[in-house]
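Q: Okay, so here is target22.pdb, and as you'll see once you scroll down, it has PDB, C-alpha atoms.
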```pdb
ATOM      1  CA  MET M  73      -8.509   1.906   0.327
ATOM      2  CA  SER M  74      -7.508  -1.700  -0.174
ATOM      3  CA  GLU M  75      -8.983  -3.546  -3.146
ATOM      4  CA  LEU M  76      -9.846  -7.000  -4.388
ATOM      5  CA  VAL M  77      -8.729  -7.012  -8.031
ATOM      6  CA  PHE M  78      -9.417  -9.877 -10.438
ATOM      7  CA  PHE M  79      -7.028 -10.113 -13.403
ATOM      8  CA  CYS M  80      -8.529 -12.496 -15.935
ATOM      9  CA  GLY M  81      -8.032 -13.790 -19.453
ATOM     10  CA  THR M  82      -7.643 -16.988 -21.418
ATOM     11  CA  MET M  83      -4.844 -19.442 -20.857
ATOM     12  CA  ASP M  84      -1.483 -18.307 -22.209
ATOM     13  CA  CYS M  85      -2.201 -14.562 -21.894
ATOM     14  CA  GLY M  86       0.386 -13.798 -19.204
ATOM     15  CA  LYS M  87      -1.619 -13.929 -15.962
ATOM     16  CA  SER M  88       1.058 -15.694 -13.915
ATOM     17  CA  THR M  89       3.756 -13.510 -15.462
ATOM     18  CA  LEU M  90       1.892 -10.422 -14.274
ATOM     19  CA  ALA M  91       1.441 -11.963 -10.824
ATOM     20  CA  LEU M  92       5.185 -12.522 -10.613
ATOM     21  CA  GLN M  93       5.827  -8.968 -11.836
ATOM     22  CA  ILE M  94       3.573  -7.531  -9.128
ATOM     23  CA  GLU M  95       5.402  -9.642  -6.549
ATOM     24  CA  HIS M  96       8.781  -8.445  -7.848
ATOM     25  CA  ASN M  97       7.811  -4.762  -7.893
ATOM     26  CA  ARG M  98       6.454  -4.788  -4.363
ATOM     27  CA  SER M  99       9.191  -6.908  -2.841
ATOM     28  CA  ALA M 100      11.755  -4.571  -4.425
ATOM     29  CA  ARG M 101      10.172  -1.772  -2.346
ATOM     30  CA  GLY M 102      10.520  -3.748   0.858
ATOM     31  CA  LEU M 103       6.961  -5.059   0.975
ATOM     32  CA  VAL M 104       6.164  -8.655   1.898
ATOM     33  CA  GLY M 105       3.432 -10.605   0.158
ATOM     34  CA  MET M 106       1.444 -13.734   0.892
ATOM     35  CA  ILE M 107       1.129 -15.834  -2.268
ATOM     36  CA  PHE M 108      -1.572 -18.457  -2.677
ATOM     37  CA  THR M 109      -1.856 -20.833  -5.598
ATOM     38  CA  ARG M 110      -3.498 -24.082  -6.602
ATOM     39  CA  ASN M 111      -2.666 -26.655  -9.275
ATOM     40  CA  ASP M 112       0.234 -24.711 -10.769
ATOM     41  CA  ARG M 113       1.982 -26.353 -13.723
ATOM     42  CA  ALA M 114       5.287 -26.328 -11.801
ATOM     43  CA  GLY M 115       3.901 -28.445  -8.985
ATOM     44  CA  GLU M 116       2.645 -28.002  -5.448
ATOM     45  CA  GLY M 117       3.467 -24.762  -3.660
ATOM     46  CA  LYS M 118       4.767 -22.938  -6.739
ATOM     47  CA  LEU M 119       3.738 -19.919  -8.767
ATOM     48  CA  SER M 120       5.285 -20.178 -12.202
ATOM     49  CA  SER M 121       5.207 -18.542 -15.598
ATOM     50  CA  ARG M 122       5.732 -20.111 -19.012
ATOM     51  CA  LEU M 123       8.617 -17.648 -19.385
ATOM     52  CA  GLY M 124      10.522 -19.751 -16.833
ATOM     53  CA  LEU M 125      10.014 -17.578 -13.745
ATOM     54  CA  VAL M 126       8.964 -19.306 -10.531
ATOM     55  CA  THR M 127       8.554 -18.497  -6.839
ATOM     56  CA  ASP M 128       7.336 -20.317  -3.741
ATOM     57  CA  ALA M 129       3.679 -20.088  -2.752
ATOM     58  CA  VAL M 130       1.167 -21.536  -0.317
ATOM     59  CA  GLU M 131      -0.744 -24.413  -1.914
ATOM     60  CA  VAL M 132      -4.464 -24.011  -1.191
ATOM     61  CA  GLU M 133      -6.195 -27.238  -0.196
ATOM     62  CA  ASP M 134      -9.900 -28.045  -0.228
ATOM     63  CA  GLY M 135     -11.606 -26.402   2.718
ATOM     64  CA  ALA M 136      -8.638 -24.190   3.635
ATOM     65  CA  ASP M 137      -9.603 -20.900   5.276
ATOM     66  CA  LEU M 138      -7.479 -18.194   3.643
ATOM     67  CA  TYR M 139      -8.627 -15.480   6.030
ATOM     68  CA  ALA M 140      -7.738 -17.623   9.055
ATOM     69  CA  HIS M 141      -4.361 -18.398   7.483
ATOM     70  CA  LEU M 142      -3.595 -14.670   7.175
ATOM     71  CA  VAL M 143      -4.794 -13.937  10.706
ATOM     72  CA  ASP M 144      -2.622 -16.721  12.107
ATOM     73  CA  HIS M 145       0.359 -15.523  10.056
ATOM     74  CA  LEU M 146      -0.006 -11.946  11.330
ATOM     75  CA  SER M 147      -0.680 -13.080  14.904
ATOM     76  CA  ARG M 148       2.727 -14.764  14.932
ATOM     77  CA  GLY M 149       4.345 -11.398  14.297
ATOM     78  CA  ARG M 150       4.987 -12.042  10.613
ATOM     79  CA  ARG M 151       4.360  -9.535   7.847
ATOM     80  CA  ALA M 152       1.942  -9.558   4.964
ATOM     81  CA  ASP M 153       1.474  -6.282   3.107
ATOM     82  CA  TYR M 154      -0.567  -7.689   0.220
ATOM     83  CA  VAL M 155      -1.930 -10.986  -1.102
ATOM     84  CA  ILE M 156      -1.568 -12.667  -4.501
ATOM     85  CA  ALA M 157      -3.878 -15.547  -5.432
ATOM     86  CA  ASP M 158      -2.951 -17.279  -8.679
ATOM     87  CA  GLU M 159      -5.079 -19.930 -10.421
ATOM     88  CA  ALA M 160      -7.978 -18.351  -8.545
ATOM     89  CA  GLN M 161     -10.528 -20.128 -10.721
ATOM     90  CA  PHE M 162      -9.744 -23.300  -8.758
ATOM     91  CA  LEU M 163     -10.641 -21.729  -5.404
ATOM     92  CA  ASP M 164     -13.987 -22.437  -3.785
ATOM     93  CA  PRO M 165     -16.529 -19.578  -3.720
ATOM     94  CA  GLU M 166     -16.180 -19.592   0.071
ATOM     95  CA  GLN M 167     -12.447 -19.004  -0.307
ATOM     96  CA  ILE M 168     -13.148 -16.034  -2.573
ATOM     97  CA  ASP M 169     -15.377 -14.648   0.184
ATOM     98  CA  GLN M 170     -12.466 -15.109   2.560
ATOM     99  CA  LEU M 171     -10.207 -13.084   0.243
ATOM    100  CA  ALA M 172     -12.802 -10.309   0.209
ATOM    101  CA  ARG M 173     -12.777 -10.385   4.006
ATOM    102  CA  VAL M 174      -8.974 -10.046   3.950
ATOM    103  CA  VAL M 175      -9.450  -6.783   2.036
ATOM    104  CA  ASP M 176     -12.261  -5.471   4.220
ATOM    105  CA  ASP M 177     -11.123  -6.574   7.686
ATOM    106  CA  LEU M 178      -7.322  -6.723   7.374
ATOM    107  CA  ASP M 179      -7.004  -3.788   4.945
ATOM    108  CA  LEU M 180      -4.728  -5.693   2.551
ATOM    109  CA  ASP M 181      -4.799  -5.491  -1.241
ATOM    110  CA  VAL M 182      -5.637  -8.836  -2.858
ATOM    111  CA  TYR M 183      -4.628  -9.502  -6.465
ATOM    112  CA  ALA M 184      -6.360 -12.579  -7.897
ATOM    113  CA  PHE M 185      -5.426 -14.097 -11.238
ATOM    114  CA  GLY M 186      -7.358 -16.687 -13.196
ATOM    115  CA  ILE M 187      -9.317 -17.760 -16.229
ATOM    116  CA  THR M 188     -13.045 -17.168 -16.200
ATOM    117  CA  THR M 189     -14.469 -20.122 -18.131
ATOM    118  CA  ASP M 190     -13.628 -23.800 -18.461
ATOM    119  CA  PHE M 191     -13.257 -25.936 -21.598
ATOM    120  CA  ARG M 192     -17.059 -26.007 -21.980
ATOM    121  CA  SER M 193     -17.320 -22.195 -21.828
ATOM    122  CA  LYS M 194     -18.904 -22.446 -18.361
ATOM    123  CA  LEU M 195     -17.839 -20.131 -15.542
ATOM    124  CA  PHE M 196     -15.613 -21.624 -12.864
ATOM    125  CA  PRO M 197     -17.368 -21.161  -9.492
ATOM    126  CA  GLY M 198     -14.342 -19.325  -8.096
ATOM    127  CA  SER M 199     -14.185 -16.960 -11.068
ATOM    128  CA  GLN M 200     -17.910 -16.328 -10.909
ATOM    129  CA  ARG M 201     -17.627 -15.328  -7.276
ATOM    130  CA  LEU M 202     -14.696 -13.048  -8.062
ATOM    131  CA  VAL M 203     -16.700 -11.264 -10.744
ATOM    132  CA  GLU M 204     -19.473 -10.813  -8.188
ATOM    133  CA  LEU M 205     -17.229  -9.479  -5.403
ATOM    134  CA  ALA M 206     -14.182  -7.822  -6.955
ATOM    135  CA  ASP M 207     -13.689  -4.082  -6.680
ATOM    136  CA  ARG M 208     -12.167  -4.229 -10.156
ATOM    137  CA  VAL M 209     -12.065  -6.824 -12.922
ATOM    138  CA  GLU M 210      -9.149  -6.307 -15.295
ATOM    139  CA  VAL M 211      -9.064  -8.222 -18.587
ATOM    140  CA  LEU M 212      -5.428  -8.703 -19.526
ATOM    141  CA  GLN M 213      -4.395  -6.896 -22.679
ATOM    142  CA  VAL M 214      -1.798  -9.433 -23.826
ATOM    143  CA  GLU M 215      -4.028 -11.241 -26.282
ATOM    144  CA  ALA M 216      -3.582 -14.942 -26.827
ATOM    145  CA  LEU M 217      -4.243 -15.963 -30.425
ATOM    146  CA  CYS M 218      -6.239 -18.777 -31.938
ATOM    147  CA  TRP M 219      -4.457 -20.905 -34.538
ATOM    148  CA  CYS M 220      -6.311 -18.888 -37.207
ATOM    149  CA  GLY M 221      -4.772 -15.623 -35.971
ATOM    150  CA  ALA M 222      -7.931 -14.216 -34.416
ATOM    151  CA  ARG M 223      -8.100 -13.183 -30.759
ATOM    152  CA  ALA M 224      -8.518 -16.261 -28.569
ATOM    153  CA  THR M 225     -11.472 -16.002 -26.205
ATOM    154  CA  HIS M 226     -12.119 -19.632 -25.218
ATOM    155  CA  ASN M 227     -10.148 -22.453 -23.601
ATOM    156  CA  ALA M 228     -10.411 -25.876 -25.228
ATOM    157  CA  ARG M 229      -9.424 -29.196 -23.696
ATOM    158  CA  THR M 230      -7.803 -31.600 -26.135
ATOM    159  CA  VAL M 231      -6.910 -35.273 -26.215
ATOM    160  CA  GLY M 232      -4.499 -36.151 -28.972
ATOM    161  CA  GLY M 233      -5.135 -32.750 -30.509
ATOM    162  CA  VAL M 234      -8.901 -33.316 -30.697
ATOM    163  CA  MET M 235     -11.206 -31.063 -28.690
ATOM    164  CA  VAL M 236     -13.346 -32.749 -26.026
ATOM    165  CA  VAL M 237     -16.418 -31.298 -24.309
ATOM    166  CA  GLU M 238     -17.040 -33.849 -21.558
ATOM    167  CA  GLY M 239     -15.186 -34.658 -18.357
ATOM    168  CA  ALA M 240     -14.340 -33.182 -14.980
ATOM    169  CA  GLN M 241     -14.167 -29.398 -14.829
ATOM    170  CA  VAL M 242     -10.663 -29.439 -13.343
ATOM    171  CA  VAL M 243      -7.985 -31.488 -15.088
ATOM    172  CA  VAL M 244      -4.490 -30.034 -14.827
ATOM    173  CA  GLY M 245      -2.761 -29.620 -18.156
ATOM    174  CA  ASP M 246      -0.986 -27.013 -20.233
ATOM    175  CA  VAL M 247      -1.060 -25.453 -23.680
ATOM    176  CA  THR M 248       2.470 -26.781 -24.249
ATOM    177  CA  GLY M 249       1.681 -30.454 -23.594
ATOM    178  CA  SER M 250       2.503 -33.164 -26.119
ATOM    179  CA  ALA M 251      -0.133 -33.973 -28.711
ATOM    180  CA  ASP M 252      -0.888 -37.461 -27.397
ATOM    181  CA  GLU M 253      -1.952 -36.391 -23.885
ATOM    182  CA  ILE M 254      -4.610 -34.216 -22.264
ATOM    183  CA  GLY M 255      -3.810 -30.629 -23.025
ATOM    184  CA  TYR M 256      -5.378 -27.243 -23.631
ATOM    185  CA  GLU M 257      -5.570 -24.888 -26.570
ATOM    186  CA  VAL M 258      -6.929 -21.359 -26.798
ATOM    187  CA  LEU M 259      -9.403 -20.757 -29.622
ATOM    188  CA  CYS M 260     -11.579 -17.986 -30.977
ATOM    189  CA  ARG M 261     -15.302 -18.430 -30.412
ATOM    190  CA  ARG M 262     -15.927 -19.548 -33.999
ATOM    191  CA  HIS M 263     -13.458 -22.412 -33.857
ATOM    192  CA  HIS M 264     -14.411 -23.352 -30.300
ATOM    193  CA  ARG M 265     -18.031 -23.703 -31.448
ATOM    194  CA  ARG M 266     -16.879 -25.802 -34.400
ATOM    195  CA  ARG M 267     -14.523 -27.799 -32.175
ATOM    196  CA  MET M 268     -11.735 -27.103 -34.643
ATOM    197  CA  THR M 269      -8.272 -27.177 -33.089
ATOM    198  CA  ALA M 270      -4.984 -26.543 -34.852
ATOM    199  CA  ALA M 271      -4.497 -30.298 -35.284
ATOM    200  CA  THR M 272      -7.955 -30.997 -36.707
ATOM    201  CA  ALA M 273      -7.749 -27.937 -38.966
ATOM    202  CA  ARG M 274      -4.411 -29.185 -40.320
ATOM    203  CA  ALA M 275      -5.847 -32.633 -40.916
ATOM    204  CA  ALA M 276      -8.830 -31.133 -42.738
ATOM    205  CA  ALA M 277      -6.555 -29.014 -44.911
ATOM    206  CA  LEU M 278      -4.588 -32.111 -45.917
ATOM    207  CA  SER M 279      -7.711 -34.104 -46.757
ATOM    208  CA  PRO M 280      -8.377 -34.500 -50.500
ATOM    209  CA  ASP M 281     -12.110 -34.153 -49.763
ATOM    210  CA  VAL M 282     -11.841 -30.587 -48.470
ATOM    211  CA  LEU M 283     -10.937 -28.797 -51.690
ATOM    212  CA  PRO M 284     -12.126 -30.920 -54.621
ATOM    213  CA  VAL M 285     -10.574 -30.037 -57.929
ATOM    214  CA  SER M 286     -12.803 -30.138 -60.944
ATOM    215  CA  SER M 287     -11.339 -30.555 -64.392
ATOM    216  CA  GLY M 288     -14.444 -29.038 -65.947
TER     217      GLY M 288
END
```
What would the structure in this file look like if it were written as structure tokens?
A:
Amino acid sequence: MSELVFFCGTMDCGKSTLALQIEHNRSARGLVGMIFTRNDRAGEGKLSSRLGLVTDAVEVEDGADLYAHLVDHLSRGRRADYVIADEAQFLDPEQIDQLARVVDDLDLDVYAFGITTDFRSKLFPGSQRLVELADRVEVLQVEALCWCGARATHNARTVGGVMVVEGAQVVVGDVTGSADEIGYEVLCRRHHRRRMTAATARAAALSPDVLPVSSG
């Protein structure tokens, strides 16, 4: 039986690397995949990993019908033995329904990869729909770490190293961006609640007001 599988985790936990590994393993056995992505860090029509691996993909636009795309592809005599959808949190709920239909009506496995919550700890609509529809939800075991060393469970948006909690839900950035631009950082729940990033924690540690020294 074909399945819709949702691989999820925080940023920087190896989701895209696993997607590329699945693509490699199946293509090495002579299978042909259809790869969808949206807003990848490497640019339009790319699926990339922070390890430097990259492959071509179909960039999903607003309103695109993924089921119709697969049907048209197969109707032209082309192959598709499975589907990979990276950055699935950016897909519309309707597009997640279309991926479920690919599994049910076309009998193809669909492997979706994405983060569940945004920088405000709110579910992305696409991720929410995946949790509702997926045959399996797999939390990736490669744990990203907060600056304090604890397991990172939340994604924080930063500007100049300072966490922000307002703005559009989707703003493309990376955990490796420079400190003076919009970026992202993974934090444990405690430090996400306190809005304490690595930069602000370092500044606090250097402040003479944090650890007062008493001569008495």
Q: Which is closer to Val211 (chain M) than all the others in M:Val77, M:Leu171, M:Lys194, M:Ala136, using only C-alpha atoms?
A: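 Smallest separation from Val211 (chain M) among the options: M:Val77.
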Q: I want to know what sits within 12 Å of region 226-229 of chain M, based on all atoms listed in the file, with residues of the same chain fewer than 6 positions away left out; could you give that as a ChimeraX atom specification?
A: /M:81-85,187-195,215-218,235-247,249,251,253-270
Q: Just how far from CA of Asp179 (chain M) is CA of His96 (chain M), in Å to one decimal?
A: 20.8 Å
Q: List the spatial neighbours of Ala206 (chain M) as a PyMOL selection string - criterion: any atom at most 9 Å away, all atoms listed in the file, same-chain residues fewer than 4 positions off excluded.
A: chain M and resi 75-78+172+201-202
Q: Mind checking which residues fall within 10 Å of Val155 (chain M), counting only C-alpha atoms, ignoring those fewer than 2 positions away in the same chain, and posting them as a PDB file with C-alpha atoms, in the frame of the given file?
A:
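Below is the file that was written, part-v1.pdb:
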```pdb
ATOM      1  CA  LEU M  76      -9.846  -7.000  -4.388  1.00  0.00           C
ATOM      2  CA  GLU M  95       5.402  -9.642  -6.549  1.00  0.00           C
ATOM      3  CA  VAL M 104       6.164  -8.655   1.898  1.00  0.00           C
ATOM      4  CA  GLY M 105       3.432 -10.605   0.158  1.00  0.00           C
ATOM      5  CA  MET M 106       1.444 -13.734   0.892  1.00  0.00           C
ATOM      6  CA  ILE M 107       1.129 -15.834  -2.268  1.00  0.00           C
ATOM      7  CA  PHE M 108      -1.572 -18.457  -2.677  1.00  0.00           C
ATOM      8  CA  LEU M 142      -3.595 -14.670   7.175  1.00  0.00           C
ATOM      9  CA  ALA M 152       1.942  -9.558   4.964  1.00  0.00           C
ATOM     10  CA  ASP M 153       1.474  -6.282   3.107  1.00  0.00           C
ATOM     11  CA  ALA M 157      -3.878 -15.547  -5.432  1.00  0.00           C
ATOM     12  CA  ASP M 158      -2.951 -17.279  -8.679  1.00  0.00           C
ATOM     13  CA  LEU M 171     -10.207 -13.084   0.243  1.00  0.00           C
ATOM     14  CA  VAL M 174      -8.974 -10.046   3.950  1.00  0.00           C
ATOM     15  CA  VAL M 175      -9.450  -6.783   2.036  1.00  0.00           C
ATOM     16  CA  LEU M 180      -4.728  -5.693   2.551  1.00  0.00           C
ATOM     17  CA  ASP M 181      -4.799  -5.491  -1.241  1.00  0.00           C
ATOM     18  CA  VAL M 182      -5.637  -8.836  -2.858  1.00  0.00           C
ATOM     19  CA  TYR M 183      -4.628  -9.502  -6.465  1.00  0.00           C
ATOM     20  CA  ALA M 184      -6.360 -12.579  -7.897  1.00  0.00           C
TER      21      ALA M 184
END
```
Q: Counting only C-alpha atoms, figure out which residue out of M:Arg223, M:Arg110, M:Arg150, M:His141 gets nearest to Ala129 (chain M).
A: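 Of all the options, M:Arg110 lies closest to Ala129 (chain M).
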